[in-house]
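Scroll down for the structure; my scribbles are underneath it.
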Amino acid sequence: MYKYDSYDQAMVDARVEEFRDQVRRRLEGHITEDQFKPLRLMNGLYLQLHAYMLRVAVPYGTLNSAQMRMLGDIADKYDRGYGHFTTRQNIQYNWIKLEDAPDILADLAKVEMHAIQTSGNCIRNTTSDQYAGAVADEVVDPRPYAELIRQWSTFHPEFSFLPRKFKMAVIASDTDRAAMKLHDIGIQIVRDAAGELGAAFYVGGGMGRTPMIAPCINPFVPIDRMITYAEACLRVYNRHGRRDNKYKARIKILVHELGKDEYTRQVEAEFAHLLTQQIEPPLAELERIKAQFAEPPFEVGIADTVDRSDPDFALWVDNNCLPHKQAGYIAATISLKPVGGIPGDASADQIRLMADLARDYSFDELRVTHAQNIVLPHVKKADLYALWQQLEAAGLGTANLDLVGDIIACPGLDYCSLANARSIPVAQKIGQRLAVKQQEIGELKLKISGCINACGHHHAGHIGILGVDKKGTENYQLLLGGCEGADTSLGQITGPGFDEDGIVDAVEKATQFYLSQREEGERFLDTYRRIGMPAFKEAIYG
Amino acid sequence: MAEVQFRFRDDEPVADPGVTVDAFGEQTNALAVRLEPGDEPRDLLPHLDRLRLVEVNFPSFGDGRGYSAARVLREAGYIGELRAAGEVLVDQIAFMRRCGFDAFAPEVPLDPADAEAAWSRYGEVYQPTTDGRTPIWGLRHGIGRRG
Ligand code: HEM
Ligand code: SF4
C-alpha cells in the first residue's frame, strides 16, 4: 500500500490548517456563505437536509486497518455511530457539525487520509478496481497509476475551478469492475504488441441527467506521457466546457457537442504543446510508487481448498468470494447489504471489526467497492471459515454479492437536499421481498437513485429505479437493461412510474417473468437483452 | 477599474488601461490588453513581444478559464505583467500565482494577513508549472526544473 513520505504528509497537514483557518473566517463572518461554499466543498463538506455531511476520500478504494479503525472512531466521536460507504469508494458521515470538521480532518491526517477534492468543481477522488493486485486478469496493478494521478490532481492550480466536477477511474483489466466508461476520464492500462505499457483514454462518460458512455479517444498513450495527456484533456475542457448551464457543464456534453473527433484533435494539439513543457513525472517516480504496492508476502505451497461442510458458509463462499491469483488465497467481499438494512451503512463497531479482520486475515488491507461493499483482498483459504464466523456474528456475513439484495442506493430524501424521493426504504422493501428468491434469481444488479443526478447509478443497473417528483408525491420510474463494465449499456425506462409499493411489485414481476423465460445459464440481463423491452413491459404492466 | 493590491514584480507598472482583444489586434501600439474568460489567449501569441500587461478578468471566482489563459501565455514565453482582476479571493491567489499571475487587483480588497497566510501555506507543490518551483517528484528524485 502507498505510504506517505514527509512531502505527502506536509500537504495534508497544511490542508487541515488551511481549512481550520477558512472555518474560522467563516464563523467570524469575514467571508460569506457563498464564498465559503466552494472552500468547504473542496474539503468534502456539504450542507444537507439535517446537518453537514462530510465525505472522506479513500483513494482508489484502498485502506489499511489503522485507517479503517479511524473511520470507525470518527463515526463514534463526531457522528451518530455510523458511516456510509459510497459508490465512489468513499465514506460519508451524515451528521457533522461545522465546528468539528477541522478536528476530523486532523484525525484523518494522522492516518494519512483527507477529504481533499471530494466535492467541488475539481478533479475528484480517483477510483479503481476493488480487486486490484488480487486477481489474475489484470495487466498490472492499476493503483500506482491512480496514485500518480492523485498526486498530480491534488491542488492542481489550473483545474480547481473547472466547469463542473471531474471524476476519473483507472483499471488494468478487460473485466471492468469500476464502471470506467461512465467517468469523465476512464483510463485502462494496457500492453501493446511490443509489451510496452500504455494508457487507453476514454473521455466524456458519465451518468446524471444525460448518461453517456465514454468513447475511446486514444487507445495507447505511452505510460511515460499519461499525466501530460490527462493535462491536455483537462485544459481543453477547462477552456471550452460549457459554463452557461450547470446541467450541460460536464465534459461529456463538450465531447458530445464538439464531436469525439474534434475534441480529440484539440487534445492532441494541446498534448503536442504540453510535451514541450516537461510536466510529466519521471518513470522513477512511478517506480517509487509501484514499490509500495508490492505483493504481500504470500505463503506458497499451502492448501488450496476450502472446507465446505457448513452449508451457510459454503453459500457465502460461492456468493461473495472471488478466485485469487495466488494459490491458497481468495478475495472475500463483505456485503454491507443485510436484508432490510441501509445499503452501504456500517456501524462504528462493524468498521472497527473489519479493520481487525483485515489486520488478522488480509495483510492489513481492505478495499471499498463502488457497489458499497468492503473487500478483504488477500485471505488465506485456510482462514476463511474463522473469518466468516466473525463476520456472521457481527451481522456482516450476508451472502448476496451481485444478487438482487446487493442494491446500490443513494441517500435519497432521507438525507439529500436535492432528492425527489426516498431511496433507502425502497431498497429495504425490495431486499425483504426478494430475499428468499435471490439465490434462484442469480446475478441481478439493482440500483436506485433518489433523483436525476444518478448518484445511485440507476442508468447502469440491470434493474434501475429513479425517484421522481410527480405533482408533489414521490414516484418511481423503472429502467431495465443497464450495465457497467466491458459491455456497458444504459437502461431504458419501461413506462409510467409507480408509487413506493408499486415499484416493489413491479420489480418482483420483472424477476418472475425472467425466471419463467430464462434459458440455461442466462442472467437477468442476458434474458432481457435476448427478448427485449416489449415482453418485459407486457409482463410488468399487462 | 480596481486598484492593484499585490504586485510581485519590480518593473514600472503600465499605466494604460487594457484594451479588448479585438481592439488590440487593430491597435498596433497598445501595450496592455484585457482578457475576458471567453477570449482565446492564443490570439495574443503573435504580439507577445510588444505586450507589457495582460489583465485577466474573473467576473466570478468560479469561472476558472483565466487559469488556463495565464498558463498558455506563460508557456508561450510571455514575461510581462499578468494581472488577475475581478472576483479574486484569498483562497484563489496561491493557485493564480502558480499559473503565472504576478499582480492582483481584487474587486474587494483582501485582508493582507489572510492573503499572506494563504499564499505561503503550502511549502511544496505536486505539479510543475512555469513558476519555477520544483515539484515534489523533482525533490524526491533530485531533478530540478528545466535542468
Ligand atoms: C447527499 C448528498 C449528495 C449530493 C448533494 C449529490 C449531488 C450530486 C449531483 C448534483 C450529481 C450530478 C452531477 C452532474 O451530473 O453534473 C451527482 C452525481 C453523482 N453522485 Fe452524488 N450527491 C450526493 C451524494 C452522493 C453519494 C452518497 C454518492 C455515492 C453513493 C454519490 C455519487 C455520485 C455519482 C456516482 C454520481 C453520478 C456519476 C456522475 O457524476 O456522472 N453522490 N451527485
Ligand atoms: S441521486 Fe439525487 S437524491 Fe440521490 S444522493 Fe444524488 S442528488 Fe441526492
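Chains: A, B, ... in order of the C-alpha cells. Residues: from 1 per chain. Ligands: from 1, in order shown.
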
Could you report the residues within 6 Å of ligand 2, using only C-alpha atoms and all ligand atoms, as an mmCIF file with C-alpha atoms, in the first residue's frame?
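Printed below is result03.cif as written:
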```cif
data_model
loop_
_atom_site.group_PDB
_atom_site.id
_atom_site.type_symbol
_atom_site.label_atom_id
_atom_site.label_comp_id
_atom_site.auth_asym_id
_atom_site.auth_seq_id
_atom_site.Cartn_x
_atom_site.Cartn_y
_atom_site.Cartn_z
ATOM 1 C CA CYS A 410 -28.074 6.830 -2.911
ATOM 2 C CA PRO A 411 -29.005 8.634 0.344
ATOM 3 C CA GLY A 412 -32.188 9.966 -1.259
ATOM 4 C CA LEU A 413 -34.807 12.037 0.527
ATOM 5 C CA CYS A 416 -30.179 14.622 0.497
ATOM 6 C CA LEU A 418 -31.699 17.505 -3.938
ATOM 7 C CA ALA A 419 -33.805 14.355 -3.683
ATOM 8 C CA SER A 449 -31.235 6.988 -7.281
ATOM 9 C CA GLY A 450 -33.478 9.463 -5.489
ATOM 10 C CA CYS A 451 -33.298 11.962 -8.337
ATOM 11 C CA ILE A 452 -31.984 12.502 -11.841
ATOM 12 C CA ASN A 453 -28.433 13.185 -10.601
ATOM 13 C CA ALA A 454 -27.949 9.432 -10.594
ATOM 14 C CA CYS A 455 -25.682 9.063 -7.579
ATOM 15 C CA GLY A 456 -27.141 5.564 -7.226
#
```

Exercise. Given a cut-off of 8 Å, what residues near ligand 1 show up using only C-alpha atoms and all ligand atoms, put as a PyMOL selection string?
Worked result: chain A and resi 46+48+53+84-90+92+164-167+182-184+205-211+246-250+370+372+408-412+415-418+452-457

Exercise. Taking only C-alpha atoms into account, which residues of chain A are within 6 Å of chain B, as an NGL selection string?
Worked result: :A and (152 or 157-158 or 161-162 or 238-239 or 279)

For the residues selected in the previous step, produce a file with N, CA, C and O atoms as an mmCIF file, in the first residue's frame.
```cif
data_model
loop_
_atom_site.group_PDB
_atom_site.id
_atom_site.type_symbol
_atom_site.label_atom_id
_atom_site.label_comp_id
_atom_site.auth_asym_id
_atom_site.auth_seq_id
_atom_site.Cartn_x
_atom_site.Cartn_y
_atom_site.Cartn_z
ATOM 1 N N TRP A 152 -0.863 14.268 -8.898
ATOM 2 C CA TRP A 152 -0.943 15.295 -9.951
ATOM 3 C C TRP A 152 -2.190 16.164 -9.784
ATOM 4 O O TRP A 152 -2.172 17.376 -9.985
ATOM 5 N N PRO A 157 -3.231 23.694 -9.810
ATOM 6 C CA PRO A 157 -3.550 25.122 -9.812
ATOM 7 C C PRO A 157 -4.452 25.555 -10.967
ATOM 8 O O PRO A 157 -5.191 26.527 -10.835
ATOM 9 N N GLU A 158 -4.385 24.827 -12.070
ATOM 10 C CA GLU A 158 -5.176 25.246 -13.233
ATOM 11 C C GLU A 158 -6.588 24.662 -13.190
ATOM 12 O O GLU A 158 -7.518 25.232 -13.761
ATOM 13 N N PHE A 161 -11.064 25.141 -10.602
ATOM 14 C CA PHE A 161 -12.361 25.790 -10.857
ATOM 15 C C PHE A 161 -12.828 25.424 -12.255
ATOM 16 O O PHE A 161 -12.990 26.260 -13.133
ATOM 17 N N LEU A 162 -13.029 24.135 -12.427
ATOM 18 C CA LEU A 162 -13.495 23.599 -13.706
ATOM 19 C C LEU A 162 -14.966 23.959 -13.900
ATOM 20 O O LEU A 162 -15.639 24.394 -12.970
ATOM 21 N N ASN A 238 -11.333 22.747 -19.599
ATOM 22 C CA ASN A 238 -11.410 23.958 -18.775
ATOM 23 C C ASN A 238 -11.624 25.200 -19.637
ATOM 24 O O ASN A 238 -12.338 26.118 -19.256
ATOM 25 N N ARG A 239 -11.013 25.218 -20.830
ATOM 26 C CA ARG A 239 -11.176 26.373 -21.725
ATOM 27 C C ARG A 239 -12.565 26.379 -22.357
ATOM 28 O O ARG A 239 -13.176 27.423 -22.496
ATOM 29 N N ILE A 279 6.193 18.410 -18.079
ATOM 30 C CA ILE A 279 5.383 18.335 -16.867
ATOM 31 C C ILE A 279 5.202 16.902 -16.381
ATOM 32 O O ILE A 279 4.601 16.677 -15.334
#
```

Show me, as a PDB file with N, CA, C and O atoms, in the first residue's frame, the residues that have an atom within 12 Å of Leu274 of chain A when counting only C-alpha atoms, minus same-chain residues fewer than 2 positions from it.
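What follows is the written file out38.pdb:
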```pdb
ATOM      1  N   ARG A 225       3.775   9.300 -20.649  1.00  0.00           N
ATOM      2  CA  ARG A 225       3.147  10.544 -21.103  1.00  0.00           C
ATOM      3  C   ARG A 225       1.720  10.656 -20.589  1.00  0.00           C
ATOM      4  O   ARG A 225       0.974  11.545 -21.005  1.00  0.00           O
ATOM      5  N   MET A 226       1.330   9.751 -19.717  1.00  0.00           N
ATOM      6  CA  MET A 226      -0.069   9.681 -19.285  1.00  0.00           C
ATOM      7  C   MET A 226      -0.539  10.966 -18.611  1.00  0.00           C
ATOM      8  O   MET A 226      -1.626  11.470 -18.887  1.00  0.00           O
ATOM      9  N   ILE A 227       0.290  11.519 -17.719  1.00  0.00           N
ATOM     10  CA  ILE A 227      -0.121  12.722 -16.986  1.00  0.00           C
ATOM     11  C   ILE A 227      -0.226  13.907 -17.951  1.00  0.00           C
ATOM     12  O   ILE A 227      -1.162  14.702 -17.881  1.00  0.00           O
ATOM     13  N   THR A 228       0.714  13.994 -18.879  1.00  0.00           N
ATOM     14  CA  THR A 228       0.681  15.087 -19.849  1.00  0.00           C
ATOM     15  C   THR A 228      -0.594  15.011 -20.692  1.00  0.00           C
ATOM     16  O   THR A 228      -1.241  16.022 -20.968  1.00  0.00           O
ATOM     17  N   TYR A 229      -0.956  13.782 -21.068  1.00  0.00           N
ATOM     18  CA  TYR A 229      -2.174  13.626 -21.871  1.00  0.00           C
ATOM     19  C   TYR A 229      -3.410  14.019 -21.066  1.00  0.00           C
ATOM     20  O   TYR A 229      -4.315  14.693 -21.573  1.00  0.00           O
ATOM     21  N   ALA A 230      -3.434  13.612 -19.802  1.00  0.00           N
ATOM     22  CA  ALA A 230      -4.569  13.985 -18.951  1.00  0.00           C
ATOM     23  C   ALA A 230      -4.650  15.502 -18.821  1.00  0.00           C
ATOM     24  O   ALA A 230      -5.731  16.097 -18.871  1.00  0.00           O
ATOM     25  N   GLU A 231      -3.492  16.127 -18.675  1.00  0.00           N
ATOM     26  CA  GLU A 231      -3.463  17.584 -18.555  1.00  0.00           C
ATOM     27  C   GLU A 231      -4.049  18.234 -19.816  1.00  0.00           C
ATOM     28  O   GLU A 231      -4.802  19.203 -19.740  1.00  0.00           O
ATOM     29  N   ALA A 232      -3.728  17.668 -20.967  1.00  0.00           N
ATOM     30  CA  ALA A 232      -4.262  18.208 -22.225  1.00  0.00           C
ATOM     31  C   ALA A 232      -5.787  18.039 -22.268  1.00  0.00           C
ATOM     32  O   ALA A 232      -6.516  18.951 -22.660  1.00  0.00           O
ATOM     33  N   CYS A 233      -6.282  16.862 -21.868  1.00  0.00           N
ATOM     34  CA  CYS A 233      -7.733  16.621 -21.846  1.00  0.00           C
ATOM     35  C   CYS A 233      -8.431  17.654 -20.964  1.00  0.00           C
ATOM     36  O   CYS A 233      -9.476  18.198 -21.308  1.00  0.00           O
ATOM     37  N   LEU A 234      -7.822  17.903 -19.805  1.00  0.00           N
ATOM     38  CA  LEU A 234      -8.429  18.826 -18.852  1.00  0.00           C
ATOM     39  C   LEU A 234      -8.360  20.269 -19.340  1.00  0.00           C
ATOM     40  O   LEU A 234      -9.285  21.049 -19.149  1.00  0.00           O
ATOM     41  N   ARG A 235      -7.240  20.633 -19.966  1.00  0.00           N
ATOM     42  CA  ARG A 235      -7.121  22.031 -20.396  1.00  0.00           C
ATOM     43  C   ARG A 235      -8.166  22.354 -21.469  1.00  0.00           C
ATOM     44  O   ARG A 235      -8.787  23.421 -21.433  1.00  0.00           O
ATOM     45  N   VAL A 236      -8.342  21.462 -22.407  1.00  0.00           N
ATOM     46  CA  VAL A 236      -9.352  21.716 -23.440  1.00  0.00           C
ATOM     47  C   VAL A 236     -10.728  21.858 -22.788  1.00  0.00           C
ATOM     48  O   VAL A 236     -11.513  22.755 -23.118  1.00  0.00           O
ATOM     49  N   VAL A 267      -7.321  18.011 -28.196  1.00  0.00           N
ATOM     50  CA  VAL A 267      -6.496  17.417 -27.137  1.00  0.00           C
ATOM     51  C   VAL A 267      -5.108  17.091 -27.680  1.00  0.00           C
ATOM     52  O   VAL A 267      -4.089  17.386 -27.054  1.00  0.00           O
ATOM     53  N   GLU A 268      -5.057  16.501 -28.864  1.00  0.00           N
ATOM     54  CA  GLU A 268      -3.759  16.111 -29.427  1.00  0.00           C
ATOM     55  C   GLU A 268      -2.884  17.348 -29.673  1.00  0.00           C
ATOM     56  O   GLU A 268      -1.667  17.311 -29.459  1.00  0.00           O
ATOM     57  N   ALA A 269      -3.504  18.451 -30.110  1.00  0.00           N
ATOM     58  CA  ALA A 269      -2.737  19.681 -30.340  1.00  0.00           C
ATOM     59  C   ALA A 269      -2.186  20.209 -29.013  1.00  0.00           C
ATOM     60  O   ALA A 269      -1.011  20.603 -28.911  1.00  0.00           O
ATOM     61  N   GLU A 270      -3.040  20.207 -27.992  1.00  0.00           N
ATOM     62  CA  GLU A 270      -2.602  20.680 -26.675  1.00  0.00           C
ATOM     63  C   GLU A 270      -1.514  19.751 -26.118  1.00  0.00           C
ATOM     64  O   GLU A 270      -0.542  20.197 -25.506  1.00  0.00           O
ATOM     65  N   PHE A 271      -1.702  18.467 -26.354  1.00  0.00           N
ATOM     66  CA  PHE A 271      -0.736  17.459 -25.895  1.00  0.00           C
ATOM     67  C   PHE A 271       0.633  17.731 -26.528  1.00  0.00           C
ATOM     68  O   PHE A 271       1.662  17.755 -25.845  1.00  0.00           O
ATOM     69  N   ALA A 272       0.641  17.988 -27.838  1.00  0.00           N
ATOM     70  CA  ALA A 272       1.905  18.250 -28.529  1.00  0.00           C
ATOM     71  C   ALA A 272       2.594  19.462 -27.904  1.00  0.00           C
ATOM     72  O   ALA A 272       3.809  19.473 -27.675  1.00  0.00           O
ATOM     73  N   THR A 276       6.302  19.865 -24.698  1.00  0.00           N
ATOM     74  CA  THR A 276       7.469  20.758 -24.651  1.00  0.00           C
ATOM     75  C   THR A 276       7.652  21.365 -23.253  1.00  0.00           C
ATOM     76  O   THR A 276       8.641  22.032 -22.992  1.00  0.00           O
ATOM     77  N   GLN A 277       6.680  21.151 -22.383  1.00  0.00           N
ATOM     78  CA  GLN A 277       6.716  21.810 -21.076  1.00  0.00           C
ATOM     79  C   GLN A 277       7.277  20.938 -19.956  1.00  0.00           C
ATOM     80  O   GLN A 277       7.324  21.355 -18.806  1.00  0.00           O
ATOM     81  N   GLN A 278       7.616  19.720 -20.266  1.00  0.00           N
ATOM     82  CA  GLN A 278       8.233  18.824 -19.273  1.00  0.00           C
ATOM     83  C   GLN A 278       7.443  18.743 -17.968  1.00  0.00           C
ATOM     84  O   GLN A 278       7.975  19.014 -16.897  1.00  0.00           O
ATOM     85  N   ILE A 279       6.193  18.410 -18.079  1.00  0.00           N
ATOM     86  CA  ILE A 279       5.383  18.335 -16.867  1.00  0.00           C
ATOM     87  C   ILE A 279       5.202  16.902 -16.381  1.00  0.00           C
ATOM     88  O   ILE A 279       4.601  16.677 -15.334  1.00  0.00           O
ATOM     89  N   GLU A 280       5.707  15.936 -17.137  1.00  0.00           N
ATOM     90  CA  GLU A 280       5.476  14.534 -16.785  1.00  0.00           C
ATOM     91  C   GLU A 280       6.404  14.091 -15.654  1.00  0.00           C
ATOM     92  O   GLU A 280       7.620  14.285 -15.739  1.00  0.00           O
TER      93      GLU A 280
ATOM     94  N   ARG B  71      -1.627  30.255 -17.960  1.00  0.00           N
ATOM     95  CA  ARG B  71      -0.568  29.279 -18.233  1.00  0.00           C
ATOM     96  C   ARG B  71      -0.200  29.256 -19.708  1.00  0.00           C
ATOM     97  O   ARG B  71       0.978  29.147 -20.061  1.00  0.00           O
ATOM     98  N   VAL B  72      -1.225  29.348 -20.564  1.00  0.00           N
ATOM     99  CA  VAL B  72      -0.942  29.341 -22.005  1.00  0.00           C
ATOM    100  C   VAL B  72       0.005  30.495 -22.351  1.00  0.00           C
ATOM    101  O   VAL B  72       0.983  30.316 -23.090  1.00  0.00           O
ATOM    102  N   GLU B  75       3.508  29.806 -20.830  1.00  0.00           N
ATOM    103  CA  GLU B  75       4.176  28.701 -21.533  1.00  0.00           C
ATOM    104  C   GLU B  75       4.690  29.148 -22.897  1.00  0.00           C
ATOM    105  O   GLU B  75       5.658  28.605 -23.424  1.00  0.00           O
ATOM    106  N   ALA B  76       4.017  30.177 -23.439  1.00  0.00           N
ATOM    107  CA  ALA B  76       4.461  30.676 -24.742  1.00  0.00           C
ATOM    108  C   ALA B  76       5.587  31.693 -24.586  1.00  0.00           C
ATOM    109  O   ALA B  76       6.063  32.261 -25.562  1.00  0.00           O
ATOM    110  N   PRO B 128       4.570  20.661 -11.724  1.00  0.00           N
ATOM    111  CA  PRO B 128       5.386  21.741 -12.264  1.00  0.00           C
ATOM    112  C   PRO B 128       4.518  22.694 -13.094  1.00  0.00           C
ATOM    113  O   PRO B 128       3.591  22.268 -13.777  1.00  0.00           O
ATOM    114  N   THR B 129       4.800  23.981 -12.987  1.00  0.00           N
ATOM    115  CA  THR B 129       4.209  24.965 -13.903  1.00  0.00           C
ATOM    116  C   THR B 129       5.371  25.873 -14.298  1.00  0.00           C
ATOM    117  O   THR B 129       6.520  25.585 -13.966  1.00  0.00           O
ATOM    118  N   THR B 130       5.060  26.991 -14.919  1.00  0.00           N
ATOM    119  CA  THR B 130       6.153  27.893 -15.298  1.00  0.00           C
ATOM    120  C   THR B 130       6.612  28.766 -14.137  1.00  0.00           C
ATOM    121  O   THR B 130       7.438  29.644 -14.333  1.00  0.00           O
TER     122      THR B 130
END
```

For this session: May I have the residues within 9 Å of Val19 of chain B as a list in words, using only C-alpha atoms and disregarding those fewer than 6 positions away in the same chain?
Result: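 So the residues in contact are Gln27, Ala30, Leu31, Ala32, Val33, Arg34 and Leu35 of chain B.
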
Take the selection from the previous step and output its residues with C-alpha atoms, as a PDB file, in the first residue's frame.
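After the write, out.pdb holds the following:
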```
ATOM      1  CA  GLN B  27      -4.146  48.970 -32.360  1.00  0.00           C
ATOM      2  CA  ALA B  30      -1.238  49.122 -27.427  1.00  0.00           C
ATOM      3  CA  LEU B  31       0.829  47.730 -24.547  1.00  0.00           C
ATOM      4  CA  ALA B  32      -1.991  46.419 -22.409  1.00  0.00           C
ATOM      5  CA  VAL B  33      -4.866  44.104 -23.114  1.00  0.00           C
ATOM      6  CA  ARG B  34      -7.798  42.858 -21.083  1.00  0.00           C
ATOM      7  CA  LEU B  35      -8.776  39.232 -21.489  1.00  0.00           C
TER       8      LEU B  35
END
```

For this session: Any chance you could list, as number ranges by chain, the residues in segment 51-139 of chain B that come up strand (DSSP E or B) when DSSP is run on the backbone?
Result: B: 53-58, 81-86, 103-106

Problem set entry | Non-local contacts of Ile493 of chain A (8 Å; only C-alpha atoms; under 5 positions in same chain excluded) as a list in words | Gln477, Leu478, Leu479 and Leu480 of chain A

Output as a PDB file with N, CA and C atoms, in the first residue's frame all residues of segment 443-505 of chain A that backbone DSSP marks as alpha helix (DSSP H).
```pdb
ATOM      1  N   GLU A 500     -44.489   3.830  -4.103  1.00  0.00           N
ATOM      2  CA  GLU A 500     -43.481   3.033  -3.419  1.00  0.00           C
ATOM      3  C   GLU A 500     -43.807   1.537  -3.413  1.00  0.00           C
ATOM      4  N   ASP A 501     -45.049   1.194  -3.103  1.00  0.00           N
ATOM      5  CA  ASP A 501     -45.388  -0.238  -3.108  1.00  0.00           C
ATOM      6  C   ASP A 501     -45.420  -0.778  -4.531  1.00  0.00           C
ATOM      7  N   GLY A 502     -45.886   0.072  -5.454  1.00  0.00           N
ATOM      8  CA  GLY A 502     -45.990  -0.338  -6.849  1.00  0.00           C
ATOM      9  C   GLY A 502     -44.639  -0.693  -7.443  1.00  0.00           C
ATOM     10  N   ILE A 503     -43.593   0.049  -7.063  1.00  0.00           N
ATOM     11  CA  ILE A 503     -42.283  -0.230  -7.663  1.00  0.00           C
ATOM     12  C   ILE A 503     -41.732  -1.558  -7.143  1.00  0.00           C
ATOM     13  N   VAL A 504     -42.048  -1.864  -5.885  1.00  0.00           N
ATOM     14  CA  VAL A 504     -41.597  -3.148  -5.342  1.00  0.00           C
ATOM     15  C   VAL A 504     -42.300  -4.285  -6.097  1.00  0.00           C
ATOM     16  N   ASP A 505     -43.603  -4.123  -6.301  1.00  0.00           N
ATOM     17  CA  ASP A 505     -44.350  -5.133  -7.077  1.00  0.00           C
ATOM     18  C   ASP A 505     -43.777  -5.269  -8.495  1.00  0.00           C
TER      19      ASP A 505
END
```

Problem set entry | Residue neighbourhood Glu196 of chain A, 12 Å, only C-alpha atoms, exclusion window fewer than 6 positions, as JSON, numbers by chain | {"A": [139, 140, 189, 190, 220, 221, 222, 223, 224]}

Can those selected residues be exported to a file as a JSON list (two decimals), in the first residue's frame so that it contains all heavy atoms?
```json
[["chain", "number", "residue", "atom", "x", "y", "z"],
["A", 139, "VAL", "N", -3.48, -6.59, -16.20],
["A", 139, "VAL", "CA", -2.19, -6.42, -16.88],
["A", 139, "VAL", "C", -1.12, -6.04, -15.87],
["A", 139, "VAL", "O", 0.00, -6.54, -15.89],
["A", 139, "VAL", "CB", -2.32, -5.32, -17.96],
["A", 139, "VAL", "CG1", -0.97, -4.94, -18.53],
["A", 139, "VAL", "CG2", -3.25, -5.78, -19.08],
["A", 140, "VAL", "N", -1.47, -5.11, -15.01],
["A", 140, "VAL", "CA", -0.64, -4.70, -13.87],
["A", 140, "VAL", "C", -1.61, -4.27, -12.78],
["A", 140, "VAL", "O", -2.80, -4.14, -13.01],
["A", 140, "VAL", "CB", 0.27, -3.48, -14.20],
["A", 140, "VAL", "CG1", 1.45, -3.86, -15.06],
["A", 140, "VAL", "CG2", -0.55, -2.36, -14.84],
["A", 189, "ILE", "N", -5.14, 0.71, -18.31],
["A", 189, "ILE", "CA", -3.73, 0.44, -18.55],
["A", 189, "ILE", "C", -3.65, -0.83, -19.40],
["A", 189, "ILE", "O", -4.26, -1.85, -19.07],
["A", 189, "ILE", "CB", -2.96, 0.24, -17.23],
["A", 189, "ILE", "CG1", -3.18, 1.43, -16.28],
["A", 189, "ILE", "CG2", -1.46, 0.02, -17.50],
["A", 189, "ILE", "CD1", -2.65, 2.75, -16.74],
["A", 190, "VAL", "N", -2.94, -0.72, -20.51],
["A", 190, "VAL", "CA", -2.87, -1.84, -21.46],
["A", 190, "VAL", "C", -1.41, -2.08, -21.86],
["A", 190, "VAL", "O", -0.53, -1.26, -21.58],
["A", 190, "VAL", "CB", -3.69, -1.53, -22.75],
["A", 190, "VAL", "CG1", -5.17, -1.49, -22.44],
["A", 190, "VAL", "CG2", -3.25, -0.21, -23.38],
["A", 220, "PHE", "N", -3.79, 4.22, -26.97],
["A", 220, "PHE", "CA", -2.47, 3.92, -26.39],
["A", 220, "PHE", "C", -1.63, 5.19, -26.23],
["A", 220, "PHE", "O", -0.97, 5.63, -27.16],
["A", 220, "PHE", "CB", -1.72, 2.91, -27.25],
["A", 220, "PHE", "CG", -0.51, 2.32, -26.57],
["A", 220, "PHE", "CD1", -0.62, 1.22, -25.73],
["A", 220, "PHE", "CD2", 0.75, 2.91, -26.74],
["A", 220, "PHE", "CE1", 0.50, 0.69, -25.08],
["A", 220, "PHE", "CE2", 1.87, 2.39, -26.09],
["A", 220, "PHE", "CZ", 1.74, 1.27, -25.26],
["A", 221, "VAL", "N", -1.68, 5.75, -25.05],
["A", 221, "VAL", "CA", -0.78, 6.85, -24.72],
["A", 221, "VAL", "C", 0.37, 6.21, -23.95],
["A", 221, "VAL", "O", 0.15, 5.56, -22.93],
["A", 221, "VAL", "CB", -1.49, 7.89, -23.82],
["A", 221, "VAL", "CG1", -0.51, 8.99, -23.42],
["A", 221, "VAL", "CG2", -2.72, 8.47, -24.53],
["A", 222, "PRO", "N", 1.61, 6.36, -24.44],
["A", 222, "PRO", "CA", 2.73, 5.72, -23.72],
["A", 222, "PRO", "C", 2.69, 6.12, -22.24],
["A", 222, "PRO", "O", 2.37, 7.25, -21.90],
["A", 222, "PRO", "CB", 3.96, 6.30, -24.42],
["A", 222, "PRO", "CG", 3.48, 6.68, -25.79],
["A", 222, "PRO", "CD", 2.05, 7.11, -25.61],
["A", 223, "ILE", "N", 3.04, 5.16, -21.39],
["A", 223, "ILE", "CA", 2.82, 5.35, -19.96],
["A", 223, "ILE", "C", 3.60, 6.53, -19.42],
["A", 223, "ILE", "O", 3.17, 7.19, -18.47],
["A", 223, "ILE", "CB", 3.14, 4.04, -19.20],
["A", 223, "ILE", "CG1", 2.29, 3.96, -17.94],
["A", 223, "ILE", "CG2", 4.60, 3.87, -18.88],
["A", 223, "ILE", "CD1", 0.82, 3.81, -18.19],
["A", 224, "ASP", "N", 4.73, 6.85, -20.05],
["A", 224, "ASP", "CA", 5.50, 8.00, -19.54],
["A", 224, "ASP", "C", 5.00, 9.32, -20.11],
["A", 224, "ASP", "O", 5.69, 10.34, -20.06],
["A", 224, "ASP", "CB", 7.00, 7.80, -19.83],
["A", 224, "ASP", "CG", 7.27, 7.63, -21.32],
["A", 224, "ASP", "OD1", 6.30, 7.59, -22.11],
["A", 224, "ASP", "OD2", 8.46, 7.55, -21.69]]
```

For this session: Go through B:Val88, B:Leu110, B:Leu44, B:Ala103 and flag the residue nearest Glu26 of chain B, using only C-alpha atoms for the distances.
Result: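 Ranked by minimum distance to Glu26 of chain B, first place goes to B:Leu44.
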
Problem set entry | Exercise: Thr488 of chain A partners within 12 Å, only C-alpha atoms, chain neighbours under 5 positions left out, as number ranges by chain | A: 175-183, 205-206, 211-215, 459-462, 481-483, 525

For this session: Give me, please, the distance in Å between atom CA of Lys429 of chain A and atom CA of Tyr82 of chain A, quoted to one decimal.
Result: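 Between atom CA of Lys429 of chain A and atom CA of Tyr82 of chain A the gap works out to 21.1 Å.
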
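The spacing separating atom CA of Ala486 of chain A from atom CA of Lys260 of chain A amounts to 19.8 Å.
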